[in-house]
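One file, start07.cif, carrying mmCIF, C-alpha atoms:
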```
data_target
loop_
_atom_site.group_PDB
_atom_site.id
_atom_site.type_symbol
_atom_site.label_atom_id
_atom_site.label_comp_id
_atom_site.auth_asym_id
_atom_site.auth_seq_id
_atom_site.Cartn_x
_atom_site.Cartn_y
_atom_site.Cartn_z
ATOM 1 C CA MET P 29 30.945 -131.932 62.107
ATOM 2 C CA GLY P 30 30.896 -135.602 63.081
ATOM 3 C CA LYS P 31 27.907 -135.221 65.387
ATOM 4 C CA LEU P 32 25.834 -133.581 62.666
ATOM 5 C CA SER P 33 26.544 -136.349 60.182
ATOM 6 C CA ASP P 34 25.644 -138.968 62.850
ATOM 7 C CA LYS P 35 22.274 -137.296 63.352
ATOM 8 C CA PHE P 36 21.755 -137.108 59.593
ATOM 9 C CA ASP P 37 22.623 -140.807 59.283
ATOM 10 C CA GLY P 38 20.121 -141.549 62.087
ATOM 11 C CA LEU P 39 17.389 -139.694 60.189
ATOM 12 C CA LEU P 40 18.209 -141.576 56.991
ATOM 13 C CA GLU P 41 18.007 -144.863 58.886
ATOM 14 C CA LEU P 42 14.630 -143.825 60.359
ATOM 15 C CA LYS P 43 13.384 -142.935 56.867
ATOM 16 C CA ARG P 44 14.528 -146.321 55.482
ATOM 17 C CA THR P 45 12.854 -148.137 58.396
ATOM 18 C CA PHE P 46 9.601 -146.224 57.807
ATOM 19 C CA ALA P 47 9.734 -146.984 54.058
ATOM 20 C CA ALA P 48 10.176 -150.701 54.839
ATOM 21 C CA LEU P 49 6.961 -150.815 56.877
ATOM 22 C CA SER P 50 3.755 -152.133 55.381
ATOM 23 C CA ARG P 51 0.879 -149.807 54.614
ATOM 24 C CA ARG P 52 -1.048 -151.004 57.686
ATOM 25 C CA GLU P 53 1.991 -150.492 59.972
ATOM 26 C CA LYS P 54 2.532 -146.997 58.534
ATOM 27 C CA THR P 55 -1.132 -146.122 59.217
ATOM 28 C CA LEU P 56 -0.901 -147.435 62.787
ATOM 29 C CA LEU P 57 2.370 -145.545 63.402
ATOM 30 C CA ILE P 58 0.991 -142.266 62.027
ATOM 31 C CA GLY P 59 -2.209 -142.743 64.057
ATOM 32 C CA ALA P 60 -0.184 -143.434 67.228
ATOM 33 C CA LEU P 61 1.962 -140.341 66.593
ATOM 34 C CA LEU P 62 -1.146 -138.194 66.026
ATOM 35 C CA LEU P 63 -2.790 -139.594 69.138
ATOM 36 C CA THR P 64 0.370 -138.913 71.160
ATOM 37 C CA PHE P 65 0.479 -135.343 69.781
ATOM 38 C CA VAL P 66 -3.197 -134.762 70.656
ATOM 39 C CA VAL P 67 -2.758 -136.138 74.205
ATOM 40 C CA ILE P 68 0.345 -133.994 74.764
ATOM 41 C CA MET P 69 -1.484 -130.917 73.454
ATOM 42 C CA ASP P 70 -4.494 -131.696 75.657
ATOM 43 C CA LEU P 71 -2.463 -132.254 78.807
ATOM 44 C CA GLY P 72 0.111 -129.543 78.178
ATOM 45 C CA VAL P 73 -1.927 -126.742 76.595
ATOM 46 C CA ILE P 74 -5.703 -127.196 76.391
ATOM 47 C CA THR P 75 -6.444 -128.471 79.927
ATOM 48 C CA PRO P 76 -4.328 -125.802 81.698
ATOM 49 C CA LEU P 77 -5.905 -123.100 79.535
ATOM 50 C CA TYR P 78 -9.384 -124.429 80.291
ATOM 51 C CA ARG P 79 -8.698 -124.508 84.048
ATOM 52 C CA SER P 80 -7.237 -121.016 83.915
ATOM 53 C CA SER P 81 -10.239 -119.787 81.931
ATOM 54 C CA LYS P 82 -12.639 -121.362 84.427
ATOM 55 C CA ARG P 83 -10.776 -119.768 87.369
ATOM 56 C CA LEU P 84 -10.742 -116.388 85.620
ATOM 57 C CA ARG P 85 -14.502 -116.600 84.936
ATOM 58 C CA LYS P 86 -15.118 -117.217 88.651
ATOM 59 C CA GLU P 87 -12.883 -114.268 89.551
ATOM 60 C CA VAL P 88 -14.684 -112.022 87.068
ATOM 61 C CA GLN P 89 -18.049 -113.061 88.526
ATOM 62 C CA SER P 90 -16.928 -112.339 92.099
ATOM 63 C CA ASP P 91 -15.378 -109.032 90.994
ATOM 64 C CA ARG P 92 -18.636 -108.080 89.272
ATOM 65 C CA SER P 93 -20.604 -108.715 92.449
ATOM 66 C CA ALA P 94 -18.039 -106.706 94.439
ATOM 67 C CA LEU P 95 -18.318 -103.899 91.881
ATOM 68 C CA VAL P 96 -22.111 -103.861 92.184
ATOM 69 C CA GLN P 97 -21.775 -103.685 95.986
ATOM 70 C CA MET P 98 -19.249 -100.846 95.706
ATOM 71 C CA GLN P 99 -21.530 -98.966 93.315
ATOM 72 C CA LYS P 100 -24.381 -99.257 95.821
ATOM 73 C CA LEU P 101 -22.130 -98.031 98.627
ATOM 74 C CA TYR P 102 -20.877 -95.166 96.458
ATOM 75 C CA ALA P 103 -24.448 -94.111 95.651
ATOM 76 C CA GLU P 104 -25.272 -94.207 99.376
ATOM 77 C CA HIS P 105 -22.129 -92.190 100.125
ATOM 78 C CA GLN P 106 -23.107 -89.613 97.498
ATOM 79 C CA ALA P 107 -26.594 -89.352 99.005
ATOM 80 C CA TYR P 108 -25.146 -88.769 102.495
ATOM 81 C CA ASN P 109 -22.721 -86.177 101.145
ATOM 82 C CA ALA P 110 -25.571 -84.348 99.424
ATOM 83 C CA LEU P 111 -27.559 -84.444 102.658
ATOM 84 C CA LEU P 112 -24.604 -83.142 104.663
ATOM 85 C CA ARG P 113 -23.981 -80.317 102.185
ATOM 86 C CA GLY P 114 -27.477 -79.141 103.043
ATOM 87 C CA ASN P 115 -26.507 -78.734 106.713
ATOM 88 C CA LYS P 116 -25.713 -75.270 107.975
ATOM 89 C CA SER P 117 -22.265 -74.262 109.147
ATOM 90 C CA VAL P 118 -21.888 -73.884 112.888
ATOM 91 C CA PRO P 119 -22.460 -70.255 114.003
ATOM 92 C CA ALA P 120 -20.066 -68.407 116.291
ATOM 93 C CA ASN P 121 -22.550 -68.400 119.213
ATOM 94 C CA PHE P 122 -23.183 -72.158 118.915
ATOM 95 C CA SER P 123 -23.948 -73.902 122.201
ATOM 96 C CA ILE P 124 -23.368 -77.641 121.981
ATOM 97 C CA MET P 125 -25.393 -78.300 125.145
ATOM 98 C CA THR P 126 -28.464 -76.457 123.843
ATOM 99 C CA TYR P 127 -28.171 -78.110 120.452
ATOM 100 C CA LEU P 128 -27.823 -81.610 121.964
ATOM 101 C CA GLN P 129 -30.877 -80.964 124.122
ATOM 102 C CA SER P 130 -32.923 -79.934 121.066
ATOM 103 C CA VAL P 131 -31.770 -83.046 119.170
ATOM 104 C CA ALA P 132 -32.693 -85.236 122.138
ATOM 105 C CA ASN P 133 -36.149 -83.670 122.351
ATOM 106 C CA ALA P 134 -36.667 -84.226 118.618
ATOM 107 C CA ALA P 135 -35.617 -87.887 118.988
ATOM 108 C CA GLY P 136 -37.903 -88.370 121.980
ATOM 109 C CA VAL P 137 -35.175 -89.101 124.555
ATOM 110 C CA SER P 138 -33.783 -87.335 127.597
ATOM 111 C CA TYR P 139 -30.163 -87.328 128.625
ATOM 112 C CA ASP P 140 -29.105 -88.828 131.915
ATOM 113 C CA SER P 141 -25.928 -86.728 131.892
ATOM 114 C CA ILE P 142 -24.004 -84.427 129.546
ATOM 115 C CA GLN P 143 -20.404 -83.543 130.346
ATOM 116 C CA PRO P 144 -18.220 -81.320 128.139
ATOM 117 C CA ARG P 145 -14.624 -82.516 127.853
ATOM 118 C CA SER P 146 -11.466 -81.629 125.967
ATOM 119 C CA SER P 147 -8.541 -83.728 124.864
ATOM 120 C CA SER P 148 -5.070 -82.362 125.522
ATOM 121 C CA GLU P 149 -3.612 -84.856 123.025
ATOM 122 C CA THR P 150 -5.652 -83.802 119.998
ATOM 123 C CA GLY P 151 -6.735 -80.345 121.170
ATOM 124 C CA SER P 152 -10.343 -81.154 120.271
ATOM 125 C CA SER P 153 -13.453 -80.831 122.395
ATOM 126 C CA TYR P 154 -16.138 -83.413 122.853
ATOM 127 C CA VAL P 155 -19.163 -84.112 124.981
ATOM 128 C CA ASP P 156 -19.770 -87.305 126.955
ATOM 129 C CA VAL P 157 -23.457 -88.176 126.899
ATOM 130 C CA ARG P 158 -25.242 -90.849 128.954
ATOM 131 C CA LEU P 159 -28.741 -92.083 128.169
ATOM 132 C CA LYS P 160 -30.685 -94.599 130.217
ATOM 133 C CA ASN P 161 -33.750 -96.669 129.482
ATOM 134 C CA ILE P 162 -34.166 -95.932 125.766
ATOM 135 C CA ASN P 163 -35.229 -98.334 123.055
ATOM 136 C CA LEU P 164 -33.379 -99.139 119.847
ATOM 137 C CA ILE P 165 -35.646 -96.986 117.674
ATOM 138 C CA GLN P 166 -35.012 -93.944 119.869
ATOM 139 C CA LEU P 167 -31.247 -94.589 119.714
ATOM 140 C CA THR P 168 -31.361 -94.893 115.930
ATOM 141 C CA ASN P 169 -33.341 -91.660 115.614
ATOM 142 C CA LEU P 170 -30.931 -89.842 117.928
ATOM 143 C CA LEU P 171 -27.849 -91.020 116.019
ATOM 144 C CA PHE P 172 -29.439 -90.098 112.704
ATOM 145 C CA LYS P 173 -30.331 -86.614 113.933
ATOM 146 C CA LEU P 174 -26.845 -86.087 115.357
ATOM 147 C CA GLU P 175 -24.810 -87.199 112.351
ATOM 148 C CA ILE P 176 -26.989 -86.787 109.276
ATOM 149 C CA GLY P 177 -30.423 -85.343 109.739
ATOM 150 C CA GLY P 178 -29.694 -82.548 112.162
ATOM 151 C CA GLN P 179 -29.230 -78.857 111.533
ATOM 152 C CA TYR P 180 -25.448 -79.045 112.144
ATOM 153 C CA PRO P 181 -23.174 -81.952 111.207
ATOM 154 C CA LEU P 182 -21.802 -83.600 114.348
ATOM 155 C CA LYS P 183 -19.811 -86.820 114.628
ATOM 156 C CA VAL P 184 -20.264 -89.543 117.215
ATOM 157 C CA LYS P 185 -16.744 -90.654 118.085
ATOM 158 C CA ARG P 186 -17.580 -93.486 120.494
ATOM 159 C CA LEU P 187 -20.739 -95.433 121.153
ATOM 160 C CA ASN P 188 -21.260 -97.868 124.027
ATOM 161 C CA VAL P 189 -24.587 -99.725 124.067
ATOM 162 C CA ARG P 190 -25.675 -102.309 126.591
ATOM 163 C CA THR P 191 -28.949 -103.638 127.893
ATOM 164 C CA SER P 192 -30.197 -102.103 131.109
ATOM 165 C CA TYR P 193 -29.667 -104.125 134.283
ATOM 166 C CA SER P 194 -33.124 -103.263 135.579
ATOM 167 C CA ASN P 195 -34.996 -103.965 132.310
ATOM 168 C CA PRO P 196 -33.383 -106.027 129.518
ATOM 169 C CA ALA P 197 -35.890 -104.631 126.997
ATOM 170 C CA VAL P 198 -34.274 -101.167 127.079
ATOM 171 C CA LEU P 199 -30.759 -99.862 126.575
ATOM 172 C CA ASP P 200 -28.223 -97.816 128.511
ATOM 173 C CA VAL P 201 -26.086 -95.830 126.090
ATOM 174 C CA GLY P 202 -22.893 -93.846 126.387
ATOM 175 C CA LEU P 203 -21.656 -91.791 123.466
ATOM 176 C CA GLN P 204 -19.015 -89.229 122.758
ATOM 177 C CA VAL P 205 -19.970 -86.388 120.401
ATOM 178 C CA VAL P 206 -17.187 -84.351 118.777
ATOM 179 C CA VAL P 207 -17.736 -80.596 119.007
ATOM 180 C CA PRO P 208 -17.319 -78.843 115.614
ATOM 181 C CA GLU P 209 -14.142 -76.760 115.263
ATOM 182 C CA SER P 210 -15.905 -73.430 114.735
ATOM 183 C CA ALA P 211 -17.883 -74.010 117.942
ATOM 184 C CA ASN P 212 -14.621 -74.201 119.916
ATOM 185 C CA GLU P 213 -13.599 -70.673 118.958
#
```
Target encoding structure tokens, full file:
Amino acid sequence: MGKLSDKFDGLLELKRTFAALSRREKTLLIGALLLTFVVIMDLGVITPLYRSSKRLRKEVQSDRSALVQMQKLYAEHQAYNALLRGNKSVPANFSIMTYLQSVANAAGVSYDSIQPRSSSETGSSYVDVRLKNINLIQLTNLLFKLEIGGQYPLKVKRLNVRTSYSNPAVLDVGLQVVVPESANE
């Protein structure tokens, strides 16, 4: 109980000291206390909140731009899915070699070599295709017709593109096309 009475006596002494001050000294003391309170509030509460708000606004802006990009990609994905749904399923008498030749003719290219392969690890079949001396537009058309715009949906598993040694204006391409499951049966 002694500590509480000491604190109470200290407050009474502070009150007596404040009462003994002149009006001008009281005004200056109250002003200094208010200024100290405002500075503490500014440094301890307002400035950190402002910095946090500024950081959050930047994050929201970057997240909005990422969201817009994702919406564009989603719309593109939906368009590709709709296009793929229009493709026919692979018939039982499907010949991958004949189909690849027809796709190549439609794209305006000719294959240098086509070799059917199978993977013992995955149990899937694929075709290694080599193309020589084609331009970038022909390659783009071929890939589009294989994966998206063709009659049957095929997937290009690997793609190796390099400029031709004999003519740097054209490309030598190696690609691996996965054979659809129903064509394996």
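Computed from the coordinates, the atom CA of P:Val206 to atom CA of P:Arg190 distance equals 21.3 Å.
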- [ ] Please provide as a PyMOL selection string all residues within 8 Å of P:Asp156, with the sequence filter that same-chain residues fewer than 2 positions apart are discarded (counting only C-alpha atoms).
- [x] chain P and resi 141-145+154+158+202-205
Print the selection's residues with C-alpha atoms to a file, as an mmCIF file, in the coordinates of the input.
```
data_model
loop_
_atom_site.group_PDB
_atom_site.id
_atom_site.type_symbol
_atom_site.label_atom_id
_atom_site.label_comp_id
_atom_site.auth_asym_id
_atom_site.auth_seq_id
_atom_site.Cartn_x
_atom_site.Cartn_y
_atom_site.Cartn_z
ATOM 1 C CA SER P 141 -25.928 -86.728 131.892
ATOM 2 C CA ILE P 142 -24.004 -84.427 129.546
ATOM 3 C CA GLN P 143 -20.404 -83.543 130.346
ATOM 4 C CA PRO P 144 -18.220 -81.320 128.139
ATOM 5 C CA ARG P 145 -14.624 -82.516 127.853
ATOM 6 C CA TYR P 154 -16.138 -83.413 122.853
ATOM 7 C CA ARG P 158 -25.242 -90.849 128.954
ATOM 8 C CA GLY P 202 -22.893 -93.846 126.387
ATOM 9 C CA LEU P 203 -21.656 -91.791 123.466
ATOM 10 C CA GLN P 204 -19.015 -89.229 122.758
ATOM 11 C CA VAL P 205 -19.970 -86.388 120.401
#
```
TODO: Quote the spacing between atom CA of P:Val137 and atom CA of P:Gln179 in Å to one decimal place.
DONE: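 Separating atom CA of P:Val137 from atom CA of P:Gln179 is a distance of 17.6 Å.
Between atom CA of P:Lys43 and atom CA of P:Thr55 lies a distance of 15.0 Å.
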Open item on the list: I'd like to see the residues matched by the PyMOL selection byres ((chain P and resi 174) around 10) on this file, and ideally I'd get them as a PyMOL selection string.
Closed with: chain P and resi 127-128+131-132+135+168-173+175-184+205
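If you measure from each of P:Arg79, P:Ile162, P:Ser50, P:Asp70 to P:Leu199 using all atoms listed in the file, the closest one turns out to be P:Ile162.
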